[in-house]
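K.L.:
Just dropping this structure here.
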Amino acid sequence: MENIDKKEISANLIRIVKGSIVAMILTLILLLIFAILLTYTNLQENIIHPVIIVISAISILVGSSISTLKIKKNGLFNGALVGMIYILTIYLLSSLTGSGFSCHINSIIMMVAGIVAGMLGGIIGVNLN
């Protein structure tokens, strides 16, 4: 019985990590599209931060929905895990590449939006079948 539980936990953890990776790939694609729009249109630069938060939230929502489709339980918790893994990864990468380990209002908004989007995506993913 314990062996089955360990296998299930391991499989679920792999699904959560895969959901986070899907969210990051989707973010890269959507940010590339946004960068092209910024380059070739007259969009103002003051929309950059809100658009990045929305793109990240949508990506996390999709990633957590995908990861919880097969888990089929604890969508709120598992989706929040996807959001936290995504946010921590992005925070570490951005901190290491230049902005330092600072925390300001945009960081806090991003963290909250990421976790909430993950929770919502987890709920959606669990209830889709």
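The chains in the structure tokens are called A, B, ... from first to last as shown; in each chain the residues are counted from 1, and the ligands are counted from 1 in the order shown.
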Compile the contact shell of range 64-79 of chain A as a ChimeraX atom specification: residues with an atom at most 12 Å away, counting only C-alpha atoms, same-chain residues fewer than 5 positions apart removed.

P.N.:
/A:8-24,56-59,84-86,114-129

K.L.:
Enumerate the residues of range 38-90 of chain A with a DSSP assignment of alpha helix (DSSP H), computed from the backbone, and present them as number ranges by chain.

P.N.:
A: 38-40, 48-71, 75-90
